[in-house]
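Novice: What follows is the file upload_6.txt, containing compact mmCIF, C-alpha atoms and all ligand atoms:
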# COMPACT_ATOMS: atom_id res chain seq x y z
CA MET J 185 -22.82 7.18 -0.25
CA ALA J 186 -22.40 10.03 -2.66
CA ARG J 187 -18.82 10.95 -2.21
CA SER J 188 -16.55 12.39 -4.80
CA ARG J 189 -12.80 12.35 -4.54
CA SER J 190 -11.82 13.88 -7.79
CA SER J 191 -8.18 13.65 -8.82
CA HIS J 192 -6.07 15.61 -11.23
CA GLY J 193 -6.30 12.80 -13.76
CA GLY J 194 -9.91 13.52 -14.54
CA GLY J 195 -12.33 10.68 -14.00
CA LEU J 196 -16.06 10.75 -13.99
CA GLU J 197 -18.39 11.52 -11.13
CA GLY J 198 -17.73 9.48 -8.05
CA GLY J 199 -14.03 9.41 -8.85
CA LEU J 200 -11.71 6.75 -7.67
CA TRP J 201 -13.84 5.88 -4.68
CA GLY J 202 -16.66 4.70 -6.93
CA LYS J 203 -14.38 2.88 -9.36
CA LEU J 204 -12.65 0.82 -6.71
CA SER J 205 -15.85 -0.48 -5.15
CA LYS J 206 -15.08 -4.14 -5.77
CA THR J 207 -11.77 -4.08 -3.97
CA ARG J 208 -13.20 -1.92 -1.21
CA LYS J 209 -16.12 -4.29 -0.76
CA LEU J 210 -13.77 -7.22 -0.34
CA LEU J 211 -11.36 -5.48 2.01
CA SER J 212 -13.44 -3.04 3.91
CA ASP J 213 -16.54 -5.19 4.32
CA GLY J 214 -14.29 -8.15 5.09
CA LEU J 215 -12.58 -6.17 7.83
CA THR J 216 -15.89 -5.12 9.28
CA THR J 217 -17.05 -8.73 9.36
CA ILE J 218 -13.87 -9.97 10.98
CA LEU J 219 -13.59 -7.15 13.45
CA GLY J 220 -17.22 -6.45 14.10
CA GLY J 221 -18.51 -7.39 17.53
CA ARG J 222 -15.14 -8.58 18.71
CA ARG J 223 -13.45 -7.12 21.68
CA ALA J 224 -10.05 -8.75 21.73
CA ILE J 225 -7.70 -8.14 18.86
CA ASP J 226 -5.64 -11.28 19.23
CA ALA J 227 -3.64 -13.86 17.30
CA SER J 228 -6.63 -15.63 15.79
CA LEU J 229 -7.97 -12.34 14.54
CA LEU J 230 -4.65 -11.56 12.93
CA GLU J 231 -4.83 -14.90 11.17
CA GLU J 232 -8.23 -14.06 9.72
CA LEU J 233 -6.92 -10.67 8.66
CA GLU J 234 -3.98 -12.29 6.97
CA GLU J 235 -6.28 -14.48 4.93
CA LEU J 236 -8.38 -11.50 3.90
CA LEU J 237 -5.40 -9.45 2.72
CA TYR J 238 -4.15 -12.43 0.83
CA THR J 239 -7.50 -12.76 -0.97
CA SER J 240 -7.18 -9.21 -2.30
CA ASP J 241 -4.00 -10.30 -4.12
CA MET J 242 -1.54 -8.22 -2.18
CA GLY J 243 0.77 -11.21 -2.33
CA VAL J 244 2.37 -13.28 0.38
CA GLU J 245 5.23 -10.93 1.12
CA ILE J 246 3.14 -7.78 1.52
CA THR J 247 0.52 -9.61 3.53
CA GLU J 248 3.12 -10.94 5.95
CA GLN J 249 4.73 -7.55 6.19
CA LEU J 250 1.41 -5.84 6.98
CA ILE J 251 0.50 -8.39 9.64
CA GLN J 252 3.98 -8.13 11.15
CA ARG J 253 3.73 -4.34 11.36
CA LEU J 254 0.30 -4.62 12.92
CA ARG J 255 1.67 -7.05 15.50
CA GLU J 256 4.53 -4.68 16.31
CA SER J 257 2.27 -1.71 16.70
CA MET J 258 -0.03 -3.76 18.96
CA ASP J 259 2.96 -4.64 21.13
CA ARG J 260 3.60 -0.96 21.63
CA LYS J 261 0.00 -0.06 22.23
CA PRO J 262 -3.07 -2.31 21.99
CA LEU J 263 -5.38 -1.49 19.11
CA GLU J 264 -8.75 -0.59 20.49
CA GLY J 265 -11.25 -1.51 17.83
CA PRO J 266 -12.03 -2.06 14.14
CA GLU J 267 -11.50 1.57 13.20
CA GLN J 268 -8.02 1.58 14.66
CA VAL J 269 -7.06 -1.62 12.88
CA LYS J 270 -8.33 -0.20 9.60
CA ALA J 271 -6.50 3.04 10.13
CA ALA J 272 -3.27 1.24 10.98
CA LEU J 273 -3.51 -0.94 7.86
CA LYS J 274 -4.30 2.05 5.69
CA GLN J 275 -1.27 3.89 7.00
CA GLU J 276 1.03 0.94 6.34
CA VAL J 277 -0.28 0.55 2.81
CA ILE J 278 0.26 4.25 2.13
CA SER J 279 3.84 4.05 3.30
CA ILE J 280 4.56 0.98 1.13
CA LEU J 281 2.98 2.67 -1.90
CA GLU J 282 4.73 5.98 -1.37
CA GLY J 283 8.04 4.12 -1.02
CA GLY J 284 7.48 2.63 -4.48
CA GLN J 285 6.76 5.97 -6.11
CA VAL J 286 10.23 7.11 -7.06
CA ASP J 287 10.50 10.90 -7.27
CA ALA J 288 9.90 13.35 -10.05
CA ARG J 289 8.15 11.00 -12.40
CA LEU J 290 5.25 13.32 -13.08
CA SER J 291 7.40 16.09 -14.41
CA SER J 292 7.93 14.11 -17.59
CA LEU J 293 4.18 14.09 -18.06
CA GLU J 294 4.36 17.76 -18.73
CA GLY J 295 6.96 17.41 -21.46
CA GLU J 296 10.54 17.46 -20.31
CA HIS J 297 11.93 17.56 -23.80
CA PRO J 298 11.42 20.96 -25.35
CA GLY J 299 11.95 21.06 -29.09
CA ILE J 300 11.61 17.33 -29.65
CA PRO J 301 8.64 15.00 -29.38
CA GLU J 302 8.29 13.11 -26.11
CA VAL J 303 8.26 9.48 -27.20
CA CYS J 304 6.31 6.96 -25.12
CA MET J 305 6.35 3.30 -26.00
CA PHE J 306 3.64 1.06 -24.55
CA VAL J 307 4.40 -2.58 -23.85
CA GLY J 308 2.52 -5.47 -22.27
CA ILE J 309 0.92 -8.75 -23.25
CA ASN J 310 -2.17 -9.07 -25.42
CA GLY J 311 -5.44 -7.97 -23.97
CA VAL J 312 -4.12 -6.09 -20.94
CA GLY J 313 -5.44 -2.76 -22.25
CA LYS J 314 -2.51 -1.18 -24.09
CA THR J 315 -4.38 0.26 -27.05
CA THR J 316 -7.22 1.58 -24.89
CA THR J 317 -4.74 3.13 -22.48
CA ILE J 318 -2.95 4.85 -25.37
CA ALA J 319 -6.25 6.40 -26.42
CA LYS J 320 -6.89 7.56 -22.85
CA MET J 321 -3.40 9.05 -22.59
CA ALA J 322 -3.83 10.80 -25.92
CA HIS J 323 -7.08 12.26 -24.63
CA TYR J 324 -5.37 13.35 -21.41
CA TYR J 325 -2.47 15.07 -23.19
CA ARG J 326 -4.71 16.75 -25.72
CA GLY J 327 -6.74 18.06 -22.82
CA ASN J 328 -3.48 19.59 -21.58
CA GLY J 329 -2.91 21.32 -24.88
CA LYS J 330 -0.39 18.88 -26.38
CA SER J 331 -0.38 17.66 -29.97
CA VAL J 332 -0.39 13.88 -30.08
CA MET J 333 0.49 11.26 -32.67
CA LEU J 334 -0.41 7.57 -32.37
CA VAL J 335 1.84 4.95 -33.93
CA ALA J 336 0.58 1.49 -34.88
CA GLY J 337 3.58 -0.57 -33.84
CA ASP J 338 1.51 -3.71 -33.33
CA THR J 339 1.70 -4.95 -36.90
CA PHE J 340 1.17 -8.56 -35.90
CA ARG J 341 -2.61 -8.34 -36.12
CA ALA J 342 -4.60 -6.31 -38.67
CA ALA J 343 -7.31 -5.69 -36.07
CA ALA J 344 -4.76 -3.93 -33.85
CA ILE J 345 -4.00 -1.36 -36.54
CA GLU J 346 -7.69 -0.76 -37.20
CA GLN J 347 -8.46 -0.41 -33.49
CA LEU J 348 -5.85 2.31 -33.10
CA GLN J 349 -7.17 4.05 -36.22
CA VAL J 350 -10.69 4.06 -34.79
CA TRP J 351 -9.45 5.69 -31.58
CA GLY J 352 -7.42 8.20 -33.58
CA ASP J 353 -10.48 9.17 -35.61
CA ARG J 354 -12.55 9.62 -32.48
CA LEU J 355 -9.86 11.72 -30.86
CA GLY J 356 -8.98 13.66 -33.97
CA ALA J 357 -5.36 12.55 -33.53
CA GLU J 358 -3.12 11.48 -36.35
CA VAL J 359 -2.36 7.76 -36.60
CA LEU J 360 0.79 6.59 -38.37
CA SER J 361 0.56 3.02 -39.61
CA GLN J 362 1.72 0.63 -42.32
CA LYS J 363 0.20 -2.62 -43.41
CA ARG J 364 -0.04 -5.78 -41.36
CA GLY J 365 3.25 -7.63 -41.11
CA ALA J 366 5.38 -4.52 -41.65
CA ASP J 367 8.52 -4.20 -39.52
CA PRO J 368 7.38 -2.27 -36.42
CA ALA J 369 10.78 -0.62 -36.11
CA ALA J 370 10.38 0.77 -39.63
CA VAL J 371 6.90 2.03 -38.77
CA VAL J 372 8.35 3.82 -35.75
CA PHE J 373 11.29 5.22 -37.71
CA ASP J 374 8.98 6.80 -40.30
CA ALA J 375 6.50 7.98 -37.70
CA LEU J 376 9.16 9.77 -35.65
CA SER J 377 10.47 11.45 -38.76
CA ALA J 378 6.93 12.73 -39.46
CA ALA J 379 6.45 13.74 -35.83
CA LYS J 380 9.59 15.90 -35.93
CA ALA J 381 8.58 17.49 -39.21
CA ARG J 382 5.15 18.34 -37.81
CA ASP J 383 6.40 19.53 -34.44
CA ILE J 384 4.32 16.98 -32.51
CA ASP J 385 4.61 17.14 -28.69
CA MET J 386 3.80 13.55 -27.76
CA VAL J 387 4.22 10.32 -29.70
CA LEU J 388 2.46 7.26 -28.28
CA ILE J 389 3.65 3.97 -29.75
CA ASP J 390 1.47 0.85 -29.61
CA THR J 391 3.30 -2.49 -29.75
CA ALA J 392 2.44 -6.16 -30.11
CA GLY J 393 1.77 -8.23 -27.01
CA ARG J 394 2.41 -11.58 -28.55
CA LEU J 395 4.63 -12.98 -31.26
CA HIS J 396 5.59 -16.53 -32.03
CA THR J 397 7.85 -16.66 -29.00
CA LYS J 398 8.50 -14.49 -26.01
CA SER J 399 12.14 -13.91 -26.93
CA ASN J 400 11.05 -12.76 -30.41
CA LEU J 401 8.78 -10.23 -28.77
CA MET J 402 11.50 -8.85 -26.50
CA GLU J 403 13.93 -8.63 -29.41
CA GLU J 404 11.37 -6.78 -31.50
CA LEU J 405 10.69 -4.33 -28.69
CA LYS J 406 14.41 -3.70 -28.17
CA LYS J 407 14.83 -3.07 -31.87
CA ILE J 408 12.06 -0.46 -31.75
CA GLN J 409 13.92 1.21 -28.89
CA ARG J 410 17.18 1.32 -30.82
CA ILE J 411 15.55 2.70 -33.94
CA ALA J 412 13.59 5.32 -32.01
CA ALA J 413 16.84 6.64 -30.52
CA GLN J 414 18.25 7.12 -34.02
CA GLN J 415 15.43 9.54 -34.84
CA VAL J 416 14.90 11.40 -31.56
CA PRO J 417 17.61 11.87 -28.89
CA GLY J 418 16.89 9.78 -25.80
CA ALA J 419 13.80 8.11 -27.32
CA PRO J 420 11.84 6.29 -26.17
CA HIS J 421 11.79 8.63 -23.20
CA ARG J 422 9.28 6.45 -21.46
CA VAL J 423 8.64 2.73 -21.73
CA ILE J 424 5.24 2.21 -20.18
CA LEU J 425 4.28 -1.28 -19.10
CA VAL J 426 0.52 -1.84 -19.07
CA LEU J 427 -0.74 -4.55 -16.70
CA ASP J 428 -4.21 -6.00 -16.23
CA ALA J 429 -5.25 -5.75 -12.58
CA THR J 430 -7.83 -8.51 -12.97
CA THR J 431 -5.02 -11.02 -13.40
CA GLY J 432 -3.83 -10.29 -9.88
CA GLN J 433 -0.56 -11.95 -9.00
CA ASN J 434 0.03 -12.89 -12.67
CA ALA J 435 0.46 -9.21 -13.40
CA ILE J 436 3.41 -9.16 -11.03
CA ALA J 437 5.04 -12.11 -12.78
CA GLN J 438 4.57 -10.38 -16.15
CA SER J 439 6.00 -7.16 -14.89
CA GLN J 440 9.20 -8.95 -13.94
CA VAL J 441 9.66 -10.41 -17.42
CA PHE J 442 9.26 -7.04 -19.14
CA ALA J 443 11.27 -5.12 -16.57
CA GLN J 444 14.20 -7.50 -16.96
CA SER J 445 14.36 -7.12 -20.74
CA LEU J 446 13.37 -3.50 -21.30
CA GLY J 447 14.06 -0.35 -19.36
CA VAL J 448 10.49 0.07 -18.14
CA THR J 449 10.07 3.59 -16.75
CA ASP J 450 6.53 3.38 -15.47
CA ILE J 451 3.60 1.09 -14.99
CA ILE J 452 -0.04 1.67 -15.77
CA LEU J 453 -2.42 -0.72 -14.11
CA ALA J 454 -5.58 -1.10 -16.19
CA LYS J 455 -8.99 -2.55 -15.30
CA LEU J 456 -8.90 -1.75 -11.59
CA ASP J 457 -12.63 -1.10 -11.83
CA GLY J 458 -13.37 -4.69 -12.77
CA THR J 459 -11.68 -6.51 -9.94
CA ALA J 460 -11.57 -7.14 -6.22
CA LYS J 461 -7.87 -7.87 -6.64
CA GLY J 462 -6.88 -4.23 -6.32
CA GLY J 463 -4.42 -5.22 -3.61
CA VAL J 464 -2.13 -6.20 -6.46
CA VAL J 465 -1.23 -2.51 -6.73
CA VAL J 466 0.58 -2.80 -3.43
CA GLY J 467 2.49 -5.90 -4.52
CA ILE J 468 3.55 -4.33 -7.80
CA SER J 469 4.64 -1.17 -6.13
CA GLN J 470 6.78 -3.10 -3.68
CA GLY J 471 8.15 -5.76 -6.01
CA LEU J 472 9.84 -3.57 -8.62
CA SER J 473 11.12 -0.11 -8.06
CA ILE J 474 9.09 1.20 -10.97
CA PRO J 475 6.48 3.84 -10.20
CA ILE J 476 2.83 3.41 -11.09
CA SER J 477 1.97 6.55 -13.03
CA PHE J 478 -1.68 6.01 -13.92
CA ILE J 479 -4.46 3.54 -13.23
CA GLY J 480 -7.22 2.57 -15.63
CA THR J 481 -10.71 2.50 -14.19
CA GLY J 482 -13.02 1.80 -17.12
CA GLU J 483 -13.38 1.55 -20.87
CA SER J 484 -13.99 5.16 -21.80
CA LEU J 485 -11.50 7.92 -22.56
CA GLU J 486 -11.92 9.61 -19.20
CA ASP J 487 -11.24 6.47 -17.19
CA LEU J 488 -7.61 7.17 -16.44
CA GLU J 489 -6.41 8.58 -13.16
CA ILE J 490 -3.01 9.73 -11.97
CA PHE J 491 -2.04 7.23 -9.31
CA ASN J 492 -2.09 8.74 -5.86
CA PRO J 493 -1.14 6.33 -3.02
CA ARG J 494 -3.14 8.11 -0.36
CA GLU J 495 -6.32 8.36 -2.42
CA PHE J 496 -5.94 4.76 -3.43
CA ALA J 497 -5.51 3.50 0.15
CA GLU J 498 -8.44 5.61 1.30
CA ALA J 499 -10.64 4.23 -1.44
CA ILE J 500 -9.91 0.59 -0.62
CA PHE J 501 -9.97 0.83 3.17
CA ASP J 502 -12.82 3.29 3.61
N1 LIG B 1 -13.14 -2.34 -17.37
C1 LIG B 1 -12.03 -1.94 -18.01
N2 LIG B 1 -11.76 -2.45 -19.23
C2 LIG B 1 -10.64 -2.02 -19.86
C3 LIG B 1 -9.75 -1.08 -19.27
N3 LIG B 1 -8.73 -0.88 -20.14
C4 LIG B 1 -8.98 -1.66 -21.22
N4 LIG B 1 -10.12 -2.35 -21.06
C5 LIG B 1 -10.73 -3.34 -22.00
O1 LIG B 1 -9.84 -4.44 -22.16
C6 LIG B 1 -9.96 -4.98 -23.46
C7 LIG B 1 -8.59 -5.12 -24.13
O2 LIG B 1 -8.06 -3.82 -24.33
P1 LIG B 1 -7.00 -3.46 -25.46
O3 LIG B 1 -6.69 -2.04 -25.29
O4 LIG B 1 -7.46 -3.91 -26.79
O5 LIG B 1 -5.76 -4.38 -25.00
P2 LIG B 1 -4.36 -4.64 -25.74
O6 LIG B 1 -4.47 -5.97 -26.42
O7 LIG B 1 -3.34 -4.68 -24.64
O8 LIG B 1 -4.13 -3.51 -26.69
C8 LIG B 1 -10.90 -4.06 -24.23
O9 LIG B 1 -12.18 -4.63 -24.24
C9 LIG B 1 -10.90 -2.77 -23.39
O10 LIG B 1 -12.10 -2.04 -23.50
C10 LIG B 1 -10.08 -0.57 -17.95
O11 LIG B 1 -9.36 0.24 -17.33
N5 LIG B 1 -11.23 -1.03 -17.39
MG MG B 2 -3.74 -3.57 -28.71
Would you kindly transcribe this structure into structure tokens?
Specialist:
Amino acid sequence: MARSRSSHGGGLEGGLWGKLSKTRKLLSDGLTTILGGRRAIDASLLEELEELLYTSDMGVEITEQLIQRLRESMDRKPLEGPEQVKAALKQEVISILEGGQVDARLSSLEGEHPGIPEVCMFVGINGVGKTTTIAKMAHYYRGNGKSVMLVAGDTFRAAAIEQLQVWGDRLGAEVLSQKRGADPAAVVFDALSAAKARDIDMVLIDTAGRLHTKSNLMEELKKIQRIAAQQVPGAPHRVILVLDATTGQNAIAQSQVFAQSLGVTDIILAKLDGTAKGGVVVGISQGLSIPISFIGTGESLEDLEIFNPREFAEAIFD
């Protein structure tokens, strides 16, 4: 089906609908199989539905909640057929997702801090997609006329600094870095000083995802936060936690660890294109009251979309 639901976040042809095909296949085709040819929508059907939702990594709590709501709505008025069940589920998912999207978050995307750089710090464990997401965000902001600086705060691995440099070269964005092993807080301190001097709009800070211990990592990240605030009032204005959707329920566990230690302001869920576990979005949205600002749907610069609950639910339950 050639359908395009383009969103404000850009995205290639086919939009979100095309990118979420794996999750949709699991959920939507699964629903059709369970519901198809059946007349009675009864308890055993609800059990099968429950299993299906669980498979998409929505998590136990959300799955039970959705089934419970479905049961309640059936008590009021029997659901007539597959389409009605799908529509009811879609509506419930939208209301859970919209509940998790705390107000006004997008305004900061447009630069709420006139006269000073908007400082965004990216955190998350190794391999989730932090550096790639930074490049995509830089591309997005530059497309909106902002000047962008990238900061190589992951000094733990030499390859991490080089990777950011490669993206910077491709984007034509300045990359501030020091050598491997340098104190990331010092890198950030110098970078923010340069950003102020050059009147940069957006500073995107990459950070390490692994150190010798987890508590070392959290301490290092907190130190970066303290140092950033010394250079720019209120910095970092956003602490963006990047999660890998393909890890499903693990992503939720990770988000709790980071959210407890750092003041995470928003979540970006990467790699939603590569997984049938897209239901994890619903679990994350419900579990923490941290909004999902963007989702990552591929490896290229354009594969970043502003998260829209309704579009998302329509793409997975179509
Ligand atoms: N399919 C897909 N791959 C992604 C996405 N985001 C990142 N990746 C890939 O995930 C891998 C790790 O990404 P990287 O940015 O280096 O992760 P980091 O260690 O957190 O900085 C790379 O191969 C990226 O191309 C995405 O949205 N979709
Ligand atoms: Mg990285």
Novice: Which residue, J:Gly220, J:Ile468, J:Ile424, J:Gly482, has the smallest gap to Gln440 in chain J when you use all atoms listed in the file?
Specialist: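 Residue with the minimum atom-to-atom distance to Gln440 in chain J: J:Ile468.
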Novice: Any residue with an atom at most 8 Å from ligand MG 2 (chain B) counts, using all atoms listed in the file. Which are they? Put them as an MDAnalysis selection string.
Specialist: chainID J and resid 310:311 313:316 338 344 347:348 390:393
Novice: Those residues with C-alpha atoms, as a PDB file, keeping the file's coordinate frame please?
Specialist:
ATOM      1  CA  ASN J 310      -2.170  -9.070 -25.420  1.00  0.00           C
ATOM      2  CA  GLY J 311      -5.440  -7.970 -23.970  1.00  0.00           C
ATOM      3  CA  GLY J 313      -5.440  -2.760 -22.250  1.00  0.00           C
ATOM      4  CA  LYS J 314      -2.510  -1.180 -24.090  1.00  0.00           C
ATOM      5  CA  THR J 315      -4.380   0.260 -27.050  1.00  0.00           C
ATOM      6  CA  THR J 316      -7.220   1.580 -24.890  1.00  0.00           C
ATOM      7  CA  ASP J 338       1.510  -3.710 -33.330  1.00  0.00           C
ATOM      8  CA  ALA J 344      -4.760  -3.930 -33.850  1.00  0.00           C
ATOM      9  CA  GLN J 347      -8.460  -0.410 -33.490  1.00  0.00           C
ATOM     10  CA  LEU J 348      -5.850   2.310 -33.100  1.00  0.00           C
ATOM     11  CA  ASP J 390       1.470   0.850 -29.610  1.00  0.00           C
ATOM     12  CA  THR J 391       3.300  -2.490 -29.750  1.00  0.00           C
ATOM     13  CA  ALA J 392       2.440  -6.160 -30.110  1.00  0.00           C
ATOM     14  CA  GLY J 393       1.770  -8.230 -27.010  1.00  0.00           C
TER      15      GLY J 393
END
Novice: Choose the residue, out of J:Val307, J:Leu401, J:Val312, J:Ile384, that has the smallest atom-to-atom separation from Thr430 in chain J; count all atoms listed in the file.
Specialist: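 For Thr430 in chain J, the nearest of the given residues is J:Val312.
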Novice: Suppose you want the space between CA of Tyr325 in chain J and CA of Ala429 in chain J; what is it in Å?
Specialist: 23.5 Å
Novice: Could you jot down the CA of Ala370 in chain J to atom C8 of ligand LIG 1 (chain B) separation for me, Å, one decimal place?
Specialist: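 Atom-to-atom, CA of Ala370 in chain J to atom C8 of ligand LIG 1 (chain B), that is 26.7 Å.
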Novice: From the options J:Leu485, J:Leu281, J:Ala499, J:Leu211, which residue's atoms come nearest to ligand LIG 1 (chain B), counting all atoms listed in the file?
Specialist: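 For ligand LIG 1 (chain B), the nearest of the candidates is J:Leu485.
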Novice: Leaving out range 349-362 of chain J and any residue of its chain fewer than 2 positions from it, which residues lie within 9 Å of it when counting all atoms listed in the file, given as a list in words?
Specialist: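 Within the cut-off, the hits are Thr315, Thr316, Ala319, Ala322, His323, Arg326, Ser331, Val332, Met333, Leu334, Val335, Ala336, Gly337, Thr339, Ala344, Ile345, Glu346, Gln347, Arg364, Gly365, Ala366, Asp367, Pro368, Val371, Val372, Asp374, Ala375 and Ala378 of chain J.
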Novice: Between CA of Asn400 in chain J and CA of Gln470 in chain J, what is the distance, to one decimal in Å?
Specialist: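 A separation of 28.7 Å between them.
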Novice: Which residues come within 12 Å of Gly467 in chain J, counting all atoms listed in the file, excluding same-chain residues fewer than 3 positions away, as a compact mmCIF listing (two decimals) with C-alpha atoms, keeping the file's coordinate frame?
Specialist:
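Contents of around-v8.txt, freshly written:
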# COMPACT_ATOMS: atom_id res chain seq x y z
CA LEU J 237 -5.40 -9.45 2.72
CA TYR J 238 -4.15 -12.43 0.83
CA SER J 240 -7.18 -9.21 -2.30
CA ASP J 241 -4.00 -10.30 -4.12
CA MET J 242 -1.54 -8.22 -2.18
CA GLY J 243 0.77 -11.21 -2.33
CA VAL J 244 2.37 -13.28 0.38
CA GLU J 245 5.23 -10.93 1.12
CA ILE J 246 3.14 -7.78 1.52
CA THR J 247 0.52 -9.61 3.53
CA GLU J 248 3.12 -10.94 5.95
CA GLN J 249 4.73 -7.55 6.19
CA LEU J 250 1.41 -5.84 6.98
CA VAL J 277 -0.28 0.55 2.81
CA ILE J 280 4.56 0.98 1.13
CA LEU J 281 2.98 2.67 -1.90
CA GLY J 283 8.04 4.12 -1.02
CA GLY J 284 7.48 2.63 -4.48
CA ALA J 429 -5.25 -5.75 -12.58
CA GLY J 432 -3.83 -10.29 -9.88
CA GLN J 433 -0.56 -11.95 -9.00
CA ASN J 434 0.03 -12.89 -12.67
CA ALA J 435 0.46 -9.21 -13.40
CA ILE J 436 3.41 -9.16 -11.03
CA ALA J 437 5.04 -12.11 -12.78
CA SER J 439 6.00 -7.16 -14.89
CA GLN J 440 9.20 -8.95 -13.94
CA LEU J 453 -2.42 -0.72 -14.11
CA LYS J 461 -7.87 -7.87 -6.64
CA GLY J 462 -6.88 -4.23 -6.32
CA GLY J 463 -4.42 -5.22 -3.61
CA VAL J 464 -2.13 -6.20 -6.46
CA GLN J 470 6.78 -3.10 -3.68
CA GLY J 471 8.15 -5.76 -6.01
CA LEU J 472 9.84 -3.57 -8.62
CA SER J 473 11.12 -0.11 -8.06
CA ILE J 474 9.09 1.20 -10.97
CA PRO J 475 6.48 3.84 -10.20
CA ILE J 476 2.83 3.41 -11.09
Novice: With distances taken over only C-alpha atoms and all ligand atoms, which of J:Ala271, J:Leu204, J:Leu236, J:Leu405 is nearest to ligand LIG 1 (chain B)?
Specialist: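 Looking at the shortest contact to ligand LIG 1 (chain B), the residue is J:Leu204.
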Novice: Box in all listed atoms of ligand LIG 1 (chain B), axis-aligned, with 3 Å more on each side; write out centre and edge lengths in Å to one decimal as lines of an AutoDock Vina configuration file.
Specialist:
center_x = -8.2
center_y = -2.9
center_z = -22.1
size_x = 15.8
size_y = 12.2
size_z = 15.5
Novice: Determine the nearest neighbour of ligand LIG 1 (chain B) from the options J:Ala342, J:Met258, J:Met402, J:Ile309, counting all atoms listed in the file.
Specialist: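 Result for the nearest residue to ligand LIG 1 (chain B): J:Ile309.
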Novice: So, counting all atoms listed in the file, which residue among J:Pro266, J:Gly199, J:Gly480, J:Gly299 is closest to ligand LIG 1 (chain B)?
Specialist: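 Residue with the minimum atom-to-atom distance to ligand LIG 1 (chain B): J:Gly480.
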